[in-house]
Amino acid sequence: TLQELTALLPYFDSLGVNALELMPVMDYGNIGRSGHSWGYDLNSYFAIEPGYGTPRDLKVFVDSAHARGIAVILDVVYNHLNETSALWLMQQDFAANPYFKAVGDWRTNEDQWIFFKDLDHWTAETQELVLTAQKMWIDDYRIDGFRYDYTRGIGWSTSEPTKGILGWVNRIDQDYRGSIYQIAEHLPESPALLYYTGMTSGWHDSFRDKVFDEARYRNVSLSDIENLVLDLGAFPGNDSPSIPNRYSDRTGPVNSTITHDEQSLIYEMTTFQGVPTAEAVLRDKLYGVLMFTSLGIPMLWQGQEFSEPRGWPEDGLKLSYRPVQWSWLSTERGQQHFRYYQTLIRQRTYNPALRNGALRKMGRYEAIGKVLAWGMVDSVSGAAVMVVANFSGTAQNLSNVAWVGSGTWYDVFDESAIWVDANSVPSLSLPAYGVEIYSNRSNASLGIPTGVEVADDVVPTSFSLAQNFPNPFNPTTEIVYHLPARGEVTLKVSPLLGIEITTLAAGEHERGTFLARWDGRDAAGRILSSGTYLVRMVGGGAVQVRKMLLIR
């Protein structure tokens, strides 16, 4: 639900994400609030799916995300509406209903696939419908942007700029002065569509497909990795015009290794390719590096950051309900994966080289194995990053590796330093599927946080209870609380409805910052079931409460 998603914001914040893209949350079709849908069988563009919550719940979620510096992007489906939508039920005749068009009535640059009832974006009525809906989400809910589902099924034409995709995309871009993210799921991809519209970005088809092929078959050339994964290259599209056929800047492509429509790489490798689990987890980290050290916008899929093996064994099960398996987060493997992705996110956020830098292709080492070297250099700040990745299953020893600059370089994962002279590293060893990432800026100089640390001489200025972490959790979570003065304090846990089940702290406290841990048990040591619990701090005439989500 939206309320539960709001409770997860501290977790996303701790990971370092700065935008959340929700799959459709609008009222969907035949299944109903007690059932399940991915949300693409839409009934209405103006109503919240009641199974997720109320309009107020969505507004609270968006405001809470914004308070943490996290943008909210909605996945919207303007290609079609469900047969149960009011717009179709009120006039079930294609000739008489101005919002829909019949099968076979194809528009320029439209794929000939039909899902539910196909909307006609060449009518003024549909253009008004979409624009009005978008402005409601922006103005009333303060949504930051949209991911447009299946734009390939809508159509566009440069000779008709007020119709098709161009009509409402360009109006939103103009009316909000380019402040709204507009992202196309246009497959095959079309950089030309971005060029001729106010679209911000598009899903980078070649990035995902090439990484997926490398995970499955290890058969992608280093040249393709350079041009179609790291750089702004794209697969040939079938739109007209088809030029430009490359993205114009680093905000154009959205890079992901997993989406809701695809298996996770770990699941794919272990289930279908027979790859040992340890190797699959290692390689997932290697392929994850490509998202954060390439041109384009990195996009994680839920659970990827803690190595959850998400997927389905056969196509008929693709649409089945698969809740996030949060239990993976508390495992040693999940924690290591989380910290790895957290480091990549922090580098991408704080390091100008990865945020703004130009791509430098430094070398392909195909004669000795399958090793690729590349860099990112920001000409304004002088910040630079070097990456050397081994895509082969055997260790590789490199000599005279070309580097983007001399001086002291820091390993982004452990801060160990090397000295580079004459823009070259004499020797570098990489284990199987290993990757080295170095920055010419230390974490401290970049302002990268090293964790939650409270100095002994810092006195809290207010009575406060922090959100527990991790949240959701299994089996243990940590709760930090702050006291500005000495006094009696109690810290207790209870279910949403009910009496306290355990006391984590009680008695007189000195002023300062304190840490309590809870292992999901009651006072008698009994293991509690999954659910939402409250931690309540009382003291100094004040009360503070936080929600905690326990997932077994």
# chains A, B, ... in the order shown; residues from 1 in each chain; ligands from 1
>>> select_by_dssp(residues="stretch 173-422 of chain A", states="strand (DSSP E)", output="number ranges by chain")
A: 181-184, 201-203, 253-255, 297-298, 358-365, 371-377, 384-390, 396-402, 407-411, 417-420
>>> write_last_selection(atoms="N, CA and C atoms", output="CSV table (one decimal), in the first residue's frame")
chain,number,residue,atom,x,y,z
A,181,TYR,N,10.0,15.4,-15.6
A,181,TYR,CA,10.7,14.3,-16.3
A,181,TYR,C,9.7,13.5,-17.2
A,182,GLN,N,10.0,13.3,-18.4
A,182,GLN,CA,9.2,12.6,-19.3
A,182,GLN,C,10.0,11.5,-20.0
A,183,ILE,N,9.7,10.2,-19.7
A,183,ILE,CA,10.5,9.1,-20.0
A,183,ILE,C,9.7,8.1,-20.9
A,184,ALA,N,10.2,7.8,-22.1
A,184,ALA,CA,9.5,6.9,-23.0
A,184,ALA,C,10.0,5.5,-22.9
A,201,SER,N,13.9,11.5,-21.6
A,201,SER,CA,14.7,10.2,-21.6
A,201,SER,C,13.9,9.1,-22.3
A,202,GLY,N,14.6,8.0,-22.6
A,202,GLY,CA,14.0,6.8,-23.1
A,202,GLY,C,14.7,5.6,-22.5
A,203,TRP,N,14.0,4.5,-22.3
A,203,TRP,CA,14.6,3.3,-21.9
A,203,TRP,C,15.6,2.8,-22.9
A,253,PRO,N,19.5,8.3,-22.3
A,253,PRO,CA,19.2,6.9,-22.1
A,253,PRO,C,19.0,6.6,-20.6
A,254,VAL,N,18.0,5.7,-20.3
A,254,VAL,CA,17.8,5.2,-18.9
A,254,VAL,C,18.4,3.8,-18.9
A,255,ASN,N,19.4,3.5,-18.1
A,255,ASN,CA,20.1,2.2,-18.2
A,255,ASN,C,19.7,1.3,-17.0
A,297,ILE,N,21.2,7.4,-17.3
A,297,ILE,CA,20.6,7.4,-16.0
A,297,ILE,C,20.5,6.0,-15.4
A,298,PRO,N,21.1,5.7,-14.3
A,298,PRO,CA,21.0,4.3,-13.7
A,298,PRO,C,19.6,4.1,-13.1
A,358,ALA,N,32.8,13.3,-19.2
A,358,ALA,CA,32.9,12.7,-20.6
A,358,ALA,C,33.5,11.3,-20.5
A,359,LEU,N,32.9,10.5,-21.4
A,359,LEU,CA,33.4,9.1,-21.5
A,359,LEU,C,34.7,9.1,-22.2
A,360,ARG,N,35.7,8.4,-21.6
A,360,ARG,CA,37.0,8.1,-22.3
A,360,ARG,C,37.2,6.6,-22.5
A,361,LYS,N,37.3,6.1,-23.7
A,361,LYS,CA,37.5,4.7,-23.9
A,361,LYS,C,39.0,4.5,-24.0
A,362,MET,N,39.5,3.7,-22.9
A,362,MET,CA,40.9,3.7,-22.7
A,362,MET,C,41.6,2.4,-23.3
A,363,GLY,N,40.9,1.4,-23.5
A,363,GLY,CA,41.5,0.2,-24.1
A,363,GLY,C,40.7,-1.1,-24.0
A,364,ARG,N,40.9,-1.9,-25.0
A,364,ARG,CA,40.3,-3.2,-25.1
A,364,ARG,C,41.4,-4.3,-25.0
A,365,TYR,N,41.3,-5.2,-24.1
A,365,TYR,CA,42.4,-6.2,-23.9
A,365,TYR,C,41.8,-7.6,-24.3
A,371,VAL,N,38.9,-8.0,-21.3
A,371,VAL,CA,39.0,-6.9,-20.3
A,371,VAL,C,38.8,-5.6,-21.0
A,372,LEU,N,38.1,-4.7,-20.4
A,372,LEU,CA,37.8,-3.4,-20.9
A,372,LEU,C,38.2,-2.3,-19.9
A,373,ALA,N,38.8,-1.2,-20.4
A,373,ALA,CA,39.1,-0.1,-19.5
A,373,ALA,C,38.5,1.2,-20.1
A,374,TRP,N,37.9,2.0,-19.2
A,374,TRP,CA,37.3,3.2,-19.6
A,374,TRP,C,37.3,4.2,-18.4
A,375,GLY,N,37.1,5.5,-18.7
A,375,GLY,CA,37.2,6.5,-17.7
A,375,GLY,C,36.1,7.5,-17.9
A,376,MET,N,35.9,8.3,-16.9
A,376,MET,CA,35.0,9.5,-16.9
A,376,MET,C,35.8,10.7,-16.4
A,377,VAL,N,35.7,11.8,-17.1
A,377,VAL,CA,36.5,13.0,-16.7
A,377,VAL,C,35.6,14.2,-16.8
A,384,ALA,N,37.9,12.7,-11.9
A,384,ALA,CA,38.0,11.6,-12.8
A,384,ALA,C,37.9,10.3,-12.2
A,385,VAL,N,37.3,9.3,-12.9
A,385,VAL,CA,37.2,8.0,-12.5
A,385,VAL,C,37.7,7.0,-13.5
A,386,MET,N,38.4,5.9,-13.1
A,386,MET,CA,38.8,4.9,-14.0
A,386,MET,C,38.2,3.6,-13.6
A,387,VAL,N,37.8,2.8,-14.7
A,387,VAL,CA,37.2,1.5,-14.5
A,387,VAL,C,37.9,0.5,-15.4
A,388,VAL,N,38.3,-0.6,-14.8
A,388,VAL,CA,38.9,-1.7,-15.5
A,388,VAL,C,38.1,-3.0,-15.1
A,389,ALA,N,37.5,-3.6,-16.1
A,389,ALA,CA,36.6,-4.7,-15.8
A,389,ALA,C,37.0,-6.0,-16.6
A,390,ASN,N,37.0,-7.1,-15.9
A,390,ASN,CA,37.3,-8.4,-16.5
A,390,ASN,C,36.0,-9.2,-16.7
A,396,GLN,N,43.1,-12.2,-14.9
A,396,GLN,CA,43.8,-11.5,-15.9
A,396,GLN,C,44.9,-10.6,-15.3
A,397,ASN,N,46.1,-10.6,-15.9
A,397,ASN,CA,47.2,-9.7,-15.5
A,397,ASN,C,47.5,-8.8,-16.7
A,398,LEU,N,47.3,-7.5,-16.4
A,398,LEU,CA,47.5,-6.5,-17.5
A,398,LEU,C,48.8,-5.7,-17.2
A,399,SER,N,49.4,-5.3,-18.3
A,399,SER,CA,50.6,-4.4,-18.2
A,399,SER,C,50.4,-3.1,-18.9
A,400,ASN,N,50.9,-2.1,-18.4
A,400,ASN,CA,50.9,-0.7,-19.0
A,400,ASN,C,49.5,-0.3,-19.4
A,401,VAL,N,48.6,-0.3,-18.3
A,401,VAL,CA,47.2,0.1,-18.6
A,401,VAL,C,47.1,1.6,-18.7
A,402,ALA,N,46.6,2.1,-19.8
A,402,ALA,CA,46.4,3.5,-20.0
A,402,ALA,C,45.4,4.1,-19.0
A,407,GLY,N,48.8,10.9,-10.7
A,407,GLY,CA,48.6,11.3,-9.3
A,407,GLY,C,48.1,10.2,-8.5
A,408,THR,N,47.5,10.6,-7.3
A,408,THR,CA,47.0,9.6,-6.4
A,408,THR,C,45.6,9.3,-6.7
A,409,TRP,N,45.3,7.9,-6.8
A,409,TRP,CA,43.9,7.4,-7.1
A,409,TRP,C,43.5,6.5,-6.0
A,410,TYR,N,42.2,6.6,-5.7
A,410,TYR,CA,41.6,5.9,-4.5
A,410,TYR,C,40.6,4.8,-5.0
A,411,ASP,N,40.7,3.6,-4.5
A,411,ASP,CA,39.7,2.6,-4.7
A,411,ASP,C,38.4,3.0,-4.1
A,417,ALA,N,44.9,3.5,-1.8
A,417,ALA,CA,45.5,4.4,-2.7
A,417,ALA,C,46.6,3.8,-3.6
A,418,ILE,N,46.6,4.3,-4.8
A,418,ILE,CA,47.7,3.9,-5.7
A,418,ILE,C,48.3,5.2,-6.3
A,419,TRP,N,49.5,5.2,-6.8
A,419,TRP,CA,50.1,6.3,-7.4
A,419,TRP,C,50.2,6.0,-8.9
A,420,VAL,N,49.8,6.9,-9.7
A,420,VAL,CA,49.8,6.7,-11.2
A,420,VAL,C,50.8,7.7,-11.8
>>> closest_residue(among="A:Trp326, A:Phe12, A:Phe391, A:Tyr99", to="A:Leu430", atoms="only C-alpha atoms")
A:Phe391
>>> closest_residue(among="A:Leu193, A:Leu446, A:Leu295, A:Ile154", to="A:Asp239", atoms="only C-alpha atoms")
A:Leu193
>>> residues_around(residues="stretch 83-87 of chain A", least_positions_apart="3", cutoff="7 Å", atoms="only C-alpha atoms", output="list of chain:residue names")
A:Gly29, A:Asn43, A:Ser44, A:Met90, A:Phe116, A:Lys117
>>> atom_distance(atom1="atom CA of A:Ala19", atom2="atom CA of A:Glu128")
27.9 Å
>>> residues_around(residues="A:Glu332", least_positions_apart="5", cutoff="12 Å", atoms="only C-alpha atoms", output="number ranges by chain")
A: 306-307, 327, 337-339
>>> residues_around(residues="A:Glu478", least_positions_apart="6", cutoff="10 Å", atoms="only C-alpha atoms", output="number ranges by chain")
A: 466-471, 515-519
>>> atom_distance(atom1="atom CA of A:Asn79", atom2="atom CA of A:Glu189")
16.7 Å
>>> atom_distance(atom1="atom CA of A:Gly274", atom2="atom CA of A:Glu314")
16.0 Å
>>> residues_around(residues="A:Leu483", least_positions_apart="6", cutoff="9 Å", atoms="only C-alpha atoms", output="VMD selection string")
chain A and resid 459 to 464 489 509 to 514 539 to 540
>>> residues_around(residues="A:Arg218", least_positions_apart="6", cutoff="10 Å", atoms="only C-alpha atoms", output="PDB file with C-alpha atoms, in the first residue's frame")
ATOM      1  CA  LYS A 210      23.557  -6.376 -24.472  1.00  0.00           C
ATOM      2  CA  VAL A 211      24.093  -6.761 -20.719  1.00  0.00           C
ATOM      3  CA  PHE A 212      21.453  -9.500 -20.631  1.00  0.00           C
ATOM      4  CA  LYS A 370      38.035 -10.012 -22.236  1.00  0.00           C
ATOM      5  CA  PHE A 391      34.361 -10.003 -18.318  1.00  0.00           C
ATOM      6  CA  SER A 392      36.060 -13.391 -18.490  1.00  0.00           C
ATOM      7  CA  GLY A 393      35.948 -16.341 -16.118  1.00  0.00           C
TER       8      GLY A 393
END
>>> select_by_dssp(residues="stretch 234-430 of chain A", states="helix (DSSP H, G or I)", output="ChimeraX atom specification")
/A:265-272,277-292,304-306,315-317,326-330,332-350,352-356
